[in-house]
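Colleague: The structure follows.
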Amino acid sequence: MKQPKLLILGGALLSGACGMAAAQSTVSMYGIVDVGITHIDNLPGGSKTYMRSGSKDGNRLGFQGSEDLGGGLKAIFKLEAGFNTDDGTAGQAGSLFNRAAFLGLSDKKLGTLTLGRQYSSYFDAVNPLGPVPVVTGAAGDHPGDIDGFDITIRSNNSIKYTSPSWNGFTASAMVAAGEQAGHAGSGGEHSASVRYEGGGWRHALAYQVLKNGPNQTNWDPAASTSFSKSALNAGYLSASYVQYVAAATRYQKANWSLGGSFSNVQYHANAASLFRDTATFNTGALLATWQTGTPWLLGAGFTYTRATRANGIDDNANYRQFSLQQAYWLSKRTSIYILEATQRARGRTVGADGVSLIDANATVGVSQSGTVASNRNQMLLGIGLRHAF
């Protein structure tokens with residue numbers, strides 16, 4: 001006997017009737033364990049050699065699953081926790097599933113709607129075409145991850161819709177709310193993207209805006225979205241909002257690939273900001289990989305980031321970074337890897353107080369030490385072991 005069933009995927013999706021089907025559920029556990037030894041120079045007080053958790057890929061333990069609701073409709077979920085291999089602590093204090101925690105519905109014809117803590121439409125589009133799969137976040141990120149190509153931007157209280165693929169094209173949009181009483185509209189985010197895959201090519205165009213909350217001085221910790229904070233943007237964290245626009249491409253053929261990207265990131269000031277003029281960072285990057293005839297996979301990346309002249313700065317900051325990765329795959333899940341990176345900074349930038357002008361010092365990737373270099377040059381060398389399950 002047939003009975004009606006409402007397919008709810010938000011205002012973008014439709015209702016329909018279909019025959020009831022026996023529900024089939026699947027739940028799986030997965031993860032990555034990654035640890036290495038890193039040496040980084042020119043830190044305050046000298047160089048440093050230490051055990052680094054997640055040098056190649058962030059450590060994680062996750063659960064994901066789906067239930068077949070019939071007619072091509074599924075209920076889906078993901079819960080993913082980050083952790084530190086070197087000491088066993090959580091990747092983010094006070095948060096269990098700090099990497100992802102969402103629930104949603106997916107339909108073959110109508111697309112996917114998810115709600116919870118998740119990555120933005122912007123991230124979904126540009127991350128696969130950025131440095132993380134090629135030269136990793138540890139050494140290969142664009143300086144300070146200034147444009148969010150790495151896994152540093154996650155959004156709470158978010159609703160995301162992703163379309164099915166239409167002749168290789170996929171569209172996505174997301175909104176997130178700050179949810180602070182008396183401050184409707186502040187602390188939220190919105191993003192959108194378009195992707196294309198076909199004939200060995202992958203292209204992406206993406207946009208997002210992150211809004212600061214009422215506690216604006218150093219980016220409101222209650223805002224729905226966090227992002228990477230480094231020496232590059234330390235003087236602009238009191239921004240009213242941050243706008244990201246990025247385009248990326250990659251071509252894959254046989255055992256090699258070439259790619260590139262361009263991003264524009266703007267920190268906009270208002271009356272409550274410590275700085276006065278919009279601060280803009282433009283970043284261009286090139287990437288290449290080669291799977292040799294042996295288990296060695298080689299990757300290389302070059303990144304150039306330049307800030308515009310603003311806030312009294314004539315000699316605007318710029319950063320040149322070159323990164324390498326060599327990964328020896330013992331199996332499909334386990335690899336030994338070597339990372340190298342060097343960065344050279346020039347010009348001046350705004351200090352953390354949003355007013356004083358200081359020399360722009362180097363900070364490789366997302367800064368493995370968590371500390372900016374003591375001068376304009378920095379080098380990093382790492383070796384590690386990574387296993388996925």
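Residues are referred to by chain and number: the chain letter is A, B, ... according to the order shown in the structure tokens, the number counts from 1 in that chain, and ligands are numbered separately from 1 in the order shown.
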As an mmCIF file with N, CA, C and O atoms, in the first residue's frame, please: every residue in region 121-330 of chain A that DSSP puts in helix (DSSP H, G or I).
Modeller:
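selection_35.cif, written as the output of this step:
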data_model
loop_
_atom_site.group_PDB
_atom_site.id
_atom_site.type_symbol
_atom_site.label_atom_id
_atom_site.label_comp_id
_atom_site.auth_asym_id
_atom_site.auth_seq_id
_atom_site.Cartn_x
_atom_site.Cartn_y
_atom_site.Cartn_z
ATOM 1 N N SER A 121 30.500 26.796 2.432
ATOM 2 C CA SER A 121 30.484 26.544 0.993
ATOM 3 C C SER A 121 31.774 27.034 0.353
ATOM 4 O O SER A 121 32.286 26.426 -0.601
ATOM 5 N N TYR A 122 32.311 28.132 0.850
ATOM 6 C CA TYR A 122 33.594 28.660 0.381
ATOM 7 C C TYR A 122 34.694 27.615 0.568
ATOM 8 O O TYR A 122 35.438 27.290 -0.355
ATOM 9 N N PHE A 123 34.781 27.071 1.775
ATOM 10 C CA PHE A 123 35.810 26.080 2.073
ATOM 11 C C PHE A 123 35.645 24.820 1.232
ATOM 12 O O PHE A 123 36.627 24.295 0.689
ATOM 13 N N ASP A 124 34.441 24.330 1.111
ATOM 14 C CA ASP A 124 34.200 23.110 0.330
ATOM 15 C C ASP A 124 34.710 23.252 -1.100
ATOM 16 O O ASP A 124 35.155 22.274 -1.712
ATOM 17 N N ALA A 125 34.648 24.475 -1.639
ATOM 18 C CA ALA A 125 35.047 24.697 -3.026
ATOM 19 C C ALA A 125 36.562 24.847 -3.182
ATOM 20 O O ALA A 125 37.159 24.251 -4.080
ATOM 21 N N VAL A 126 37.198 25.652 -2.316
ATOM 22 C CA VAL A 126 38.611 25.989 -2.546
ATOM 23 C C VAL A 126 39.596 25.050 -1.864
ATOM 24 O O VAL A 126 40.726 24.880 -2.342
ATOM 25 N N ASN A 127 39.199 24.436 -0.749
ATOM 26 C CA ASN A 127 40.157 23.587 -0.031
ATOM 27 C C ASN A 127 40.717 22.448 -0.868
ATOM 28 O O ASN A 127 41.936 22.221 -0.870
ATOM 29 N N PRO A 128 39.906 21.685 -1.620
ATOM 30 C CA PRO A 128 40.474 20.579 -2.401
ATOM 31 C C PRO A 128 41.448 21.027 -3.480
ATOM 32 O O PRO A 128 42.258 20.224 -3.961
ATOM 33 N N LEU A 129 41.393 22.303 -3.877
ATOM 34 C CA LEU A 129 42.258 22.809 -4.935
ATOM 35 C C LEU A 129 43.415 23.635 -4.377
ATOM 36 O O LEU A 129 44.204 24.195 -5.129
ATOM 37 N N VAL A 132 46.597 22.101 0.859
ATOM 38 C CA VAL A 132 46.506 21.031 1.848
ATOM 39 C C VAL A 132 46.708 19.640 1.240
ATOM 40 O O VAL A 132 47.489 18.842 1.752
ATOM 41 N N PRO A 133 46.042 19.284 0.133
ATOM 42 C CA PRO A 133 46.279 17.941 -0.417
ATOM 43 C C PRO A 133 47.653 17.771 -1.048
ATOM 44 O O PRO A 133 48.094 16.650 -1.269
ATOM 45 N N VAL A 134 48.341 18.895 -1.357
ATOM 46 C CA VAL A 134 49.589 18.834 -2.121
ATOM 47 C C VAL A 134 50.817 18.970 -1.229
ATOM 48 O O VAL A 134 51.722 18.146 -1.261
ATOM 49 N N VAL A 135 50.871 20.058 -0.444
ATOM 50 C CA VAL A 135 52.037 20.289 0.412
ATOM 51 C C VAL A 135 51.658 20.468 1.874
ATOM 52 O O VAL A 135 52.491 20.829 2.698
ATOM 53 N N THR A 136 50.413 20.218 2.206
ATOM 54 C CA THR A 136 49.874 20.153 3.562
ATOM 55 C C THR A 136 49.832 21.487 4.288
ATOM 56 O O THR A 136 50.563 22.410 3.991
ATOM 57 N N GLY A 137 48.955 21.542 5.287
ATOM 58 C CA GLY A 137 48.786 22.751 6.067
ATOM 59 C C GLY A 137 49.996 23.115 6.889
ATOM 60 O O GLY A 137 50.240 24.284 7.145
ATOM 61 N N ALA A 138 50.754 22.128 7.327
ATOM 62 C CA ALA A 138 51.886 22.400 8.200
ATOM 63 C C ALA A 138 52.895 23.340 7.554
ATOM 64 O O ALA A 138 53.376 24.277 8.169
ATOM 65 N N ALA A 139 53.244 23.076 6.315
ATOM 66 C CA ALA A 139 54.282 23.853 5.654
ATOM 67 C C ALA A 139 53.792 24.570 4.414
ATOM 68 O O ALA A 139 54.443 25.499 3.959
ATOM 69 N N GLY A 140 52.681 24.158 3.855
ATOM 70 C CA GLY A 140 52.286 24.652 2.556
ATOM 71 C C GLY A 140 51.167 25.657 2.537
ATOM 72 O O GLY A 140 50.863 26.227 1.490
ATOM 73 N N PRO A 143 50.543 31.968 3.654
ATOM 74 C CA PRO A 143 51.025 32.528 4.928
ATOM 75 C C PRO A 143 49.901 32.868 5.899
ATOM 76 O O PRO A 143 48.967 33.596 5.565
ATOM 77 N N GLY A 144 50.003 32.285 7.104
ATOM 78 C CA GLY A 144 48.987 32.526 8.124
ATOM 79 C C GLY A 144 47.620 31.997 7.772
ATOM 80 O O GLY A 144 46.650 32.318 8.455
ATOM 81 N N ASP A 145 47.509 31.185 6.717
ATOM 82 C CA ASP A 145 46.214 30.759 6.178
ATOM 83 C C ASP A 145 45.292 31.968 6.044
ATOM 84 O O ASP A 145 44.116 31.937 6.434
ATOM 85 N N ALA A 234 47.032 40.198 12.739
ATOM 86 C CA ALA A 234 46.914 40.517 14.166
ATOM 87 C C ALA A 234 46.411 41.938 14.409
ATOM 88 O O ALA A 234 45.709 42.193 15.390
ATOM 89 N N GLY A 235 46.754 42.870 13.534
ATOM 90 C CA GLY A 235 46.337 44.251 13.722
ATOM 91 C C GLY A 235 44.931 44.549 13.246
ATOM 92 O O GLY A 235 44.434 45.670 13.436
ATOM 93 N N TYR A 236 44.260 43.554 12.633
ATOM 94 C CA TYR A 236 42.968 43.806 12.008
ATOM 95 C C TYR A 236 41.843 42.938 12.578
ATOM 96 O O TYR A 236 40.774 42.822 11.979
#
Colleague: Skipping near chain neighbours, those fewer than 2 positions away, what residues fall within 10 Å of region 112-116 of chain A using only C-alpha atoms, listed as number ranges by chain?
Modeller: A: 8-10, 12-13, 73-78, 100-110, 118-119, 155-164, 172-176
Colleague: Find the spatial neighbours of region 260-262 of chain A, counting only C-alpha atoms, within a cut-off of 8 Å - ignore same-chain residues fewer than 2 positions away - and output them as a list of chain:residue names.
Modeller: A:Leu129, A:Gly130, A:Ala246, A:Ala247, A:Ala248, A:Thr249, A:Arg250, A:Leu258, A:Asn264, A:Asn282, A:Thr283, A:Gly284, A:Ala285, A:Leu286, A:Leu287
Colleague: Could you write out that same residue set with C-alpha atoms as a JSON list (two decimals), in the first residue's frame?
Modeller:
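The result, stored in again.json:
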[["chain", "number", "residue", "atom", "x", "y", "z"],
["A", 129, "LEU", "CA", 42.26, 22.81, -4.93],
["A", 130, "GLY", "CA", 44.57, 24.48, -2.41],
["A", 246, "ALA", "CA", 38.73, 33.23, -4.25],
["A", 247, "ALA", "CA", 39.16, 31.33, -7.50],
["A", 248, "ALA", "CA", 41.14, 28.12, -7.95],
["A", 249, "THR", "CA", 41.85, 25.57, -10.65],
["A", 250, "ARG", "CA", 43.71, 22.28, -11.09],
["A", 258, "LEU", "CA", 49.20, 21.50, -11.94],
["A", 264, "ASN", "CA", 41.27, 38.64, -2.13],
["A", 282, "ASN", "CA", 45.88, 39.51, -2.25],
["A", 283, "THR", "CA", 47.38, 36.03, -2.62],
["A", 284, "GLY", "CA", 48.47, 34.14, -5.71],
["A", 285, "ALA", "CA", 49.66, 30.54, -5.57],
["A", 286, "LEU", "CA", 50.95, 27.75, -7.83],
["A", 287, "LEU", "CA", 50.95, 24.01, -7.05]]
Colleague: Looking at only C-alpha atoms, which of A:Asn316, A:Val372, A:Asn233, A:Thr280 is the one that sits closest to Gly354 (chain A)?
Modeller: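 Using only C-alpha atoms, the shortest distance to Gly354 (chain A) belongs to A:Asn233.
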Colleague: Compile the contact shell of Trp329 (chain A) as an NGL selection string: residues with an atom at most 7 Å away, counting only C-alpha atoms, same-chain residues fewer than 4 positions apart removed.
Modeller: :A and (295-296 or 334-336)
Colleague: Which residue is closest to Tyr244 (chain A)? Choose from A:Asn318, A:Thr85, A:Asn311, A:Ser120 and count only C-alpha atoms.
Modeller: A:Ser120
Colleague: Skipping near chain neighbours, those fewer than 6 positions away, what residues fall within 6 Å of Ser240 (chain A) using only C-alpha atoms, listed as a PyMOL selection string?
Modeller: chain A and resi 212+268-270
Colleague: Can you list, as JSON, numbers by chain, every protein, DNA or RNA residue that comes within 10 Å of His142 (chain A) when you count only C-alpha atoms, leaving out same-chain residues fewer than 6 positions away?
Modeller: {"A": [130, 131, 132, 148, 149, 150, 283, 284, 285, 301, 302, 303, 304, 305, 319, 320, 321, 322, 323, 363, 364, 365, 366]}
Colleague: Write to file, as a compact mmCIF listing (two decimals), in the first residue's frame, the residues of the selection just made, with C-alpha atoms.
Modeller:
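File written: out-v3.txt
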# COMPACT_ATOMS: atom_id res chain seq x y z
CA GLY A 130 44.57 24.48 -2.41
CA PRO A 131 47.84 23.47 -0.75
CA VAL A 132 46.51 21.03 1.85
CA GLY A 148 41.08 30.19 4.70
CA PHE A 149 42.15 27.48 2.24
CA ASP A 150 43.15 25.27 5.19
CA THR A 283 47.38 36.03 -2.62
CA GLY A 284 48.47 34.14 -5.71
CA ALA A 285 49.66 30.54 -5.57
CA GLY A 301 53.93 25.05 -3.90
CA PHE A 302 54.81 28.73 -4.25
CA THR A 303 52.73 31.49 -2.64
CA TYR A 304 52.94 35.27 -2.84
CA THR A 305 50.83 37.36 -0.47
CA TYR A 319 55.32 37.40 1.92
CA ARG A 320 56.99 34.89 -0.42
CA GLN A 321 56.80 31.22 0.54
CA PHE A 322 58.10 28.06 -1.13
CA SER A 323 57.08 24.64 0.19
CA THR A 363 55.15 33.10 9.62
CA VAL A 364 55.29 29.85 7.64
CA GLY A 365 51.88 28.36 6.83
CA VAL A 366 49.63 28.55 9.86
Colleague: Which residues of region 232-307 of chain A sit at most 8 Å from region 219-223 of chain A, using only C-alpha atoms? Give each one's shortest atom pair and distance in Å (one decimal place), in chain and ascending residue order, as a Markdown table.
Modeller:
| residue | atom | partner | partner_atom | distance |
| --- | --- | --- | --- | --- |
| A:Leu237 | CA | A:Trp219 | CA | 5.3 |
| A:Ser238 | CA | A:Trp219 | CA | 5.6 |
| A:Ala239 | CA | A:Trp219 | CA | 7.4 |
Colleague: Keeping only all heavy atoms, write the selected residues to a file as a PDB file, in the first residue's frame.
Modeller:
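Okay, this is what ended up in selection_30.pdb:
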ATOM      1  N   LEU A 237      42.069  42.333  13.746  1.00  0.00           N
ATOM      2  CA  LEU A 237      41.069  41.436  14.331  1.00  0.00           C
ATOM      3  C   LEU A 237      39.874  42.177  14.919  1.00  0.00           C
ATOM      4  O   LEU A 237      38.890  41.548  15.309  1.00  0.00           O
ATOM      5  CB  LEU A 237      41.718  40.555  15.403  1.00  0.00           C
ATOM      6  CG  LEU A 237      42.830  39.628  14.896  1.00  0.00           C
ATOM      7  CD1 LEU A 237      43.396  38.800  16.042  1.00  0.00           C
ATOM      8  CD2 LEU A 237      42.311  38.720  13.784  1.00  0.00           C
ATOM      9  N   SER A 238      39.937  43.504  14.975  1.00  0.00           N
ATOM     10  CA  SER A 238      38.792  44.292  15.436  1.00  0.00           C
ATOM     11  C   SER A 238      37.908  44.712  14.273  1.00  0.00           C
ATOM     12  O   SER A 238      37.059  45.604  14.422  1.00  0.00           O
ATOM     13  CB  SER A 238      39.284  45.533  16.192  1.00  0.00           C
ATOM     14  OG  SER A 238      40.076  46.358  15.335  1.00  0.00           O
ATOM     15  N   ALA A 239      38.090  44.070  13.116  1.00  0.00           N
ATOM     16  CA  ALA A 239      37.291  44.393  11.936  1.00  0.00           C
ATOM     17  C   ALA A 239      35.803  44.193  12.190  1.00  0.00           C
ATOM     18  O   ALA A 239      35.402  43.321  12.970  1.00  0.00           O
ATOM     19  CB  ALA A 239      37.730  43.533  10.757  1.00  0.00           C
TER      20      ALA A 239
END
Colleague: Of the candidates A:Lys229, A:Arg309, A:Arg117, A:His203, which one gets nearest to Ala177 (chain A) if we count only C-alpha atoms?
Modeller: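 The answer is A:Arg117, which sits nearest to Ala177 (chain A).
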Colleague: Can you tell me, as a PyMOL selection string, which residues in region 119-331 of chain A count as strand (DSSP E or B) by DSSP?
Modeller: chain A and resi 155-162+166+169-176+189-198+201-211+225+241-253+256-268+279-291+296-307+316+318-329
Colleague: Give me, as a list in words, all polymer residues having an atom no more than 8 Å from Leu210 (chain A), counting only C-alpha atoms and skipping those fewer than 5 positions away in the same chain.
Modeller: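 Surrounding residues, per the criterion: Gly187, Gly188, Glu189, His190, Thr225, Tyr241, Val242 and Gln243 of chain A.
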Colleague: Of the candidates A:Asn215, A:Trp166, A:Gly198, A:Asp359, which one gets nearest to Gln180 (chain A) if we count only C-alpha atoms?
Modeller: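 Of A:Asn215, A:Trp166, A:Gly198, A:Asp359, the one nearest Gln180 (chain A) is A:Asn215, counting only C-alpha atoms.
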Colleague: Can you measure CA of Leu69 (chain A) to CA of Ala171 (chain A) for me? One decimal in Å is fine.
Modeller: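 Spanning CA of Leu69 (chain A) to CA of Ala171 (chain A) is a straight-line distance of 24.2 Å.
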Colleague: For the contact check between region 73-158 of chain A and region 31-49 of chain A, emit one row per residue of region 73-158 of chain A within 10 Å, containing the shortest atom pair and the distance in Å rounded to one decimal, counting only C-alpha atoms, chain then rising number order, as a tab-separated table.
Modeller:
residue	atom	partner	partner_atom	distance
A:Glu80	CA	A:Gly31	CA	8.6
A:Ala81	CA	A:Gly31	CA	9.1
A:Gly82	CA	A:Gly31	CA	9.3
A:Phe83	CA	A:Val33	CA	9.0
A:Asn84	CA	A:Val35	CA	8.6
A:Thr85	CA	A:Val35	CA	6.2
A:Asp86	CA	A:Val35	CA	7.1
A:Ala138	CA	A:Thr38	CA	9.6
Colleague: If you measure from CA of Asp277 (chain A) to CA of Gly312 (chain A), what distance in Å do you get, rounded to one decimal?
Modeller: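 Between these atoms lies a distance of 8.9 Å.
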Colleague: Kindly indicate which residue among A:Lys332, A:Arg276, A:Lys56, A:Arg344 lies nearest to Arg306 (chain A), using only C-alpha atoms for the distances.
Modeller: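 Of A:Lys332, A:Arg276, A:Lys56, A:Arg344, the one nearest Arg306 (chain A), counting only C-alpha atoms, is A:Arg344.
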Colleague: What gap, in Å, lies between CA of Gln326 (chain A) and CA of Ile338 (chain A)?
Modeller: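 Distance between the two atoms: 5.2 Å.
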